[in-house]
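Novice: One structure, as structure tokens, below. Some questions next.
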Amino acid sequence: MPDPDLELLEQSDLSLLETLDHVLNKGLVIAGEITISVADIDLIFVGLNVLLGSVETINEVLGQRTSGGAAESDAPESGTGRA
Amino acid sequence: MSQELPQKRGGAAAAAGEGGQERHAFYVYGIGARADLEPLFAETLPEGIEGSVPLEIVVEGELAAIASTVPLKDYDEEALEAHLADPEWTAARAARHQKVVAHFAERAGIVPLRFGTIYRERSRIAQMLSEKREELSALTARVQGREEWSLNLFCERAKLMKRLDSTNLRLREASERAASAPPGQAYLLRKKTEALRSAEARAEIQRVTAAVAEALAARSDGAKRLNLLRQETAEPGELAARLSFLVARDRLAEFRAVAEQLAREHTESGFTLELVGPWPAFNFTDAATAAASTDPIS
């Protein structure tokens, strides 16, 4: 039995910043015919980091995914757990 | 890593022809096994990066890429650079990129590409799949049945310090000596004690990070330490470390149980563990990673 004093792995939204970090900074780099250079990505990311609070569009776009955390039958473990 | 951009060829970018029709480029989201991806295109798909433009599949041999057309006027080099300066434009599209990749990653082994991989012609995507067939097949196999989970380790310094004060013998001795010393000497001893506390706290953070990394690496098929991207001193304390693990779906319950156990073990010392996922295997799909079965965490 989990310790009742512990906030155990409750579902919450994937961090927006973290999502952008994964998408913008990571992933296989394949030379497309137009690709953003790594240095550019860092700049974009810094910019996003600073301005994130005011960007509601992303929340809307991401909303469907994050709120579906526990509801998606094939991804029951989705979401953020904090213990 | 530098990009290789081919020379701009006049008119070569015309995918949809001239004569008033909008010209297109192809945005690529990720790559997987053709046999896995093809059936998914018969089902409902998330929207593409431009919202209304549907996703399409580009196949070549046993591999397939997930792509969609994008207007070249927004995605050629200059336009893209200009758009990227607009956080709202970029963030909305990065979020759609993530939705697409996540959708496929939940259903198949996917090599997620980074945001902003664009080809001028469909045939060039097929060519890329063919040229990098070996590497891509290995990566696809590596992520099959697995997903990435990242773990944020937060440390509440005040709580850790308090814990150290009562458990760390050297610290206790030092502060007792300071307490019983004459005033002038006590001042110096207190300063020394403070320095010792900071050093012990850093060492403890290192120790806990290593212990967590090791325990979870043993329940996963790859582990990485990520750069700290924010100096967060909010709710659960300061962010002390970020780790990422490639976890087999059929071992996820075990992995989570261990994470929860670790969280319980270290909560008294002021540590909070936050498990975030599942992610497409963003951190485990470079060629160097594919070569090694387990990555050193350091």
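We label chains A, B, ... in the order they appear in the structure tokens, count residues from 1 in each chain, and number ligands from 1 in the order shown.
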Residues near segment 261-272 of chain B, anyone? I mean within 6 Å using only C-alpha atoms, not counting same-chain ones fewer than 6 positions away, as a ChimeraX atom specification.
Specialist: /A:83 /B:153-156,159-160,163
Novice: For N, CA and C atoms, I'd like the residues from the last selection saved as a short mmCIF file (atom, residue, chain, number, x, y, z; two decimals), in the first residue's frame.
Specialist:
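File written: result.cif
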data_model
loop_
_atom_site.label_atom_id
_atom_site.label_comp_id
_atom_site.auth_asym_id
_atom_site.auth_seq_id
_atom_site.Cartn_x
_atom_site.Cartn_y
_atom_site.Cartn_z
N ALA A 83 5.72 11.63 -7.63
CA ALA A 83 5.67 10.84 -6.41
C ALA A 83 6.50 11.49 -5.32
N LEU B 153 14.13 14.77 -11.36
CA LEU B 153 14.45 14.64 -9.94
C LEU B 153 14.54 16.04 -9.34
N PHE B 154 13.63 16.32 -8.42
CA PHE B 154 13.62 17.62 -7.76
C PHE B 154 14.20 17.48 -6.36
N CYS B 155 14.82 18.53 -5.90
CA CYS B 155 15.37 18.49 -4.56
C CYS B 155 14.97 19.75 -3.79
N GLU B 156 14.35 19.52 -2.67
CA GLU B 156 13.98 20.63 -1.79
C GLU B 156 15.15 20.83 -0.84
N LYS B 159 14.87 20.93 3.03
CA LYS B 159 14.54 19.64 3.63
C LYS B 159 15.76 18.72 3.64
N LEU B 160 16.50 18.78 2.54
CA LEU B 160 17.70 17.96 2.45
C LEU B 160 18.72 18.38 3.51
N ARG B 163 17.72 17.23 6.89
CA ARG B 163 17.98 15.79 6.99
C ARG B 163 19.48 15.53 7.21
#
Novice: Return as JSON, numbers by chain the residues belonging to chain B that are within 8 Å of chain A, counting only C-alpha atoms.
Specialist: {"B": [1, 2, 3, 4, 5, 6, 76, 77, 84, 85, 87, 88, 91, 92, 94, 95, 96, 97, 98, 99, 106, 111, 112, 113, 114, 115, 116, 117, 118, 119, 120, 260, 263, 264, 272, 273, 274, 275, 276, 277, 278, 281, 282, 283, 284, 285, 286]}
Novice: Residues near segment 127-133 of chain B, anyone? I mean within 10 Å using only C-alpha atoms, not counting same-chain ones fewer than 5 positions away, as a PyMOL selection string.
Specialist: (chain A and resi 30-32) or (chain B and resi 31+58-65+119+122+138-139)
Novice: Quick one: write out the picked residues with all heavy atoms as a compact mmCIF listing (two decimals), in the first residue's frame?
Specialist:
# COMPACT_ATOMS: atom_id res chain seq x y z
N ILE A 30 17.89 14.05 -39.69
CA ILE A 30 18.08 13.52 -41.04
C ILE A 30 18.20 14.70 -41.96
O ILE A 30 17.44 15.66 -41.85
CB ILE A 30 16.89 12.61 -41.42
CG1 ILE A 30 17.11 11.23 -40.82
CG2 ILE A 30 16.69 12.56 -42.89
CD1 ILE A 30 16.33 10.16 -41.48
N ALA A 31 19.18 14.65 -42.83
CA ALA A 31 19.35 15.79 -43.71
C ALA A 31 18.19 15.87 -44.69
O ALA A 31 18.15 15.19 -45.69
CB ALA A 31 20.67 15.68 -44.45
N GLY A 32 17.21 16.66 -44.34
CA GLY A 32 16.16 16.96 -45.29
C GLY A 32 16.70 17.99 -46.26
O GLY A 32 17.86 18.41 -46.15
N ILE B 31 9.69 7.81 -39.07
CA ILE B 31 9.92 6.68 -39.96
C ILE B 31 9.66 5.39 -39.20
O ILE B 31 9.97 5.30 -38.00
CB ILE B 31 11.37 6.72 -40.48
CG1 ILE B 31 11.54 7.93 -41.41
CG2 ILE B 31 11.75 5.43 -41.19
CD1 ILE B 31 12.93 8.42 -41.55
N VAL B 58 4.82 7.55 -47.27
CA VAL B 58 5.76 7.40 -48.39
C VAL B 58 6.51 6.10 -48.14
O VAL B 58 7.18 5.96 -47.11
CB VAL B 58 6.76 8.57 -48.45
CG1 VAL B 58 7.76 8.38 -49.58
CG2 VAL B 58 6.02 9.89 -48.61
N VAL B 59 6.34 5.13 -49.02
CA VAL B 59 6.96 3.82 -48.77
C VAL B 59 8.15 3.60 -49.68
O VAL B 59 8.22 4.12 -50.80
CB VAL B 59 5.94 2.68 -48.95
CG1 VAL B 59 4.81 2.81 -47.94
CG2 VAL B 59 5.40 2.65 -50.36
N GLU B 60 9.08 2.84 -49.17
CA GLU B 60 10.25 2.46 -49.95
C GLU B 60 10.78 1.18 -49.34
O GLU B 60 11.25 1.16 -48.20
CB GLU B 60 11.30 3.58 -49.89
CG GLU B 60 12.64 3.24 -50.51
CD GLU B 60 12.58 2.97 -52.01
OE1 GLU B 60 11.74 3.60 -52.69
OE2 GLU B 60 13.33 2.10 -52.48
N GLY B 61 10.70 0.09 -50.07
CA GLY B 61 11.14 -1.19 -49.53
C GLY B 61 10.34 -1.54 -48.30
O GLY B 61 9.10 -1.47 -48.31
N GLU B 62 11.02 -1.88 -47.22
CA GLU B 62 10.32 -2.28 -46.00
C GLU B 62 10.09 -1.12 -45.05
O GLU B 62 9.54 -1.29 -43.97
CB GLU B 62 11.12 -3.38 -45.29
CG GLU B 62 11.06 -4.69 -46.04
CD GLU B 62 11.96 -5.76 -45.43
OE1 GLU B 62 12.63 -5.47 -44.42
OE2 GLU B 62 11.96 -6.87 -45.97
N LEU B 63 10.53 0.05 -45.46
CA LEU B 63 10.38 1.21 -44.59
C LEU B 63 9.29 2.15 -45.12
O LEU B 63 8.90 2.09 -46.28
CB LEU B 63 11.70 1.98 -44.49
CG LEU B 63 12.83 1.30 -43.70
CD1 LEU B 63 14.13 2.06 -43.89
CD2 LEU B 63 12.47 1.20 -42.23
N ALA B 64 8.83 3.02 -44.22
CA ALA B 64 7.85 4.02 -44.64
C ALA B 64 8.05 5.28 -43.82
O ALA B 64 8.50 5.23 -42.67
CB ALA B 64 6.43 3.48 -44.44
N ALA B 65 7.75 6.41 -44.41
CA ALA B 65 7.84 7.69 -43.72
C ALA B 65 6.44 8.29 -43.62
O ALA B 65 5.60 8.11 -44.49
CB ALA B 65 8.77 8.64 -44.46
N TYR B 119 11.42 18.01 -47.24
CA TYR B 119 11.92 17.61 -48.56
C TYR B 119 11.13 18.34 -49.63
O TYR B 119 9.95 18.62 -49.47
CB TYR B 119 11.80 16.09 -48.74
CG TYR B 119 12.82 15.35 -47.92
CD1 TYR B 119 12.58 15.08 -46.58
CD2 TYR B 119 14.02 14.93 -48.48
CE1 TYR B 119 13.52 14.43 -45.81
CE2 TYR B 119 14.97 14.27 -47.71
CZ TYR B 119 14.72 14.02 -46.38
OH TYR B 119 15.65 13.37 -45.62
N ARG B 122 8.60 14.31 -53.10
CA ARG B 122 8.28 13.04 -52.47
C ARG B 122 9.37 12.00 -52.78
O ARG B 122 9.76 11.21 -51.93
CB ARG B 122 6.92 12.55 -52.94
CG ARG B 122 6.37 11.39 -52.13
CD ARG B 122 5.12 10.79 -52.74
NE ARG B 122 3.89 11.41 -52.24
CZ ARG B 122 3.15 12.27 -52.91
NH1 ARG B 122 3.51 12.64 -54.12
NH2 ARG B 122 2.06 12.77 -52.39
N ALA B 138 17.56 -0.61 -38.15
CA ALA B 138 18.08 -0.93 -36.82
C ALA B 138 17.39 -0.09 -35.76
O ALA B 138 17.02 -0.59 -34.69
CB ALA B 138 19.59 -0.71 -36.78
N LEU B 139 17.20 1.18 -36.06
CA LEU B 139 16.55 2.07 -35.10
C LEU B 139 15.09 1.68 -34.90
O LEU B 139 14.58 1.69 -33.78
CB LEU B 139 16.63 3.52 -35.58
CG LEU B 139 18.02 4.17 -35.52
CD1 LEU B 139 18.01 5.52 -36.22
CD2 LEU B 139 18.47 4.32 -34.07
Novice: Atom CA of Glu38 of chain B to atom CA of Val101 of chain B: how many Å, to one decimal?
Specialist: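 Between atom CA of Glu38 of chain B and atom CA of Val101 of chain B the gap works out to 14.9 Å.
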Novice: Enumerate the residues of segment 69-157 of chain B with a DSSP assignment of strand (DSSP E), computed from the backbone, and present them as a ChimeraX atom specification.
Specialist: /B:69-71,110-112,117-119,146-155
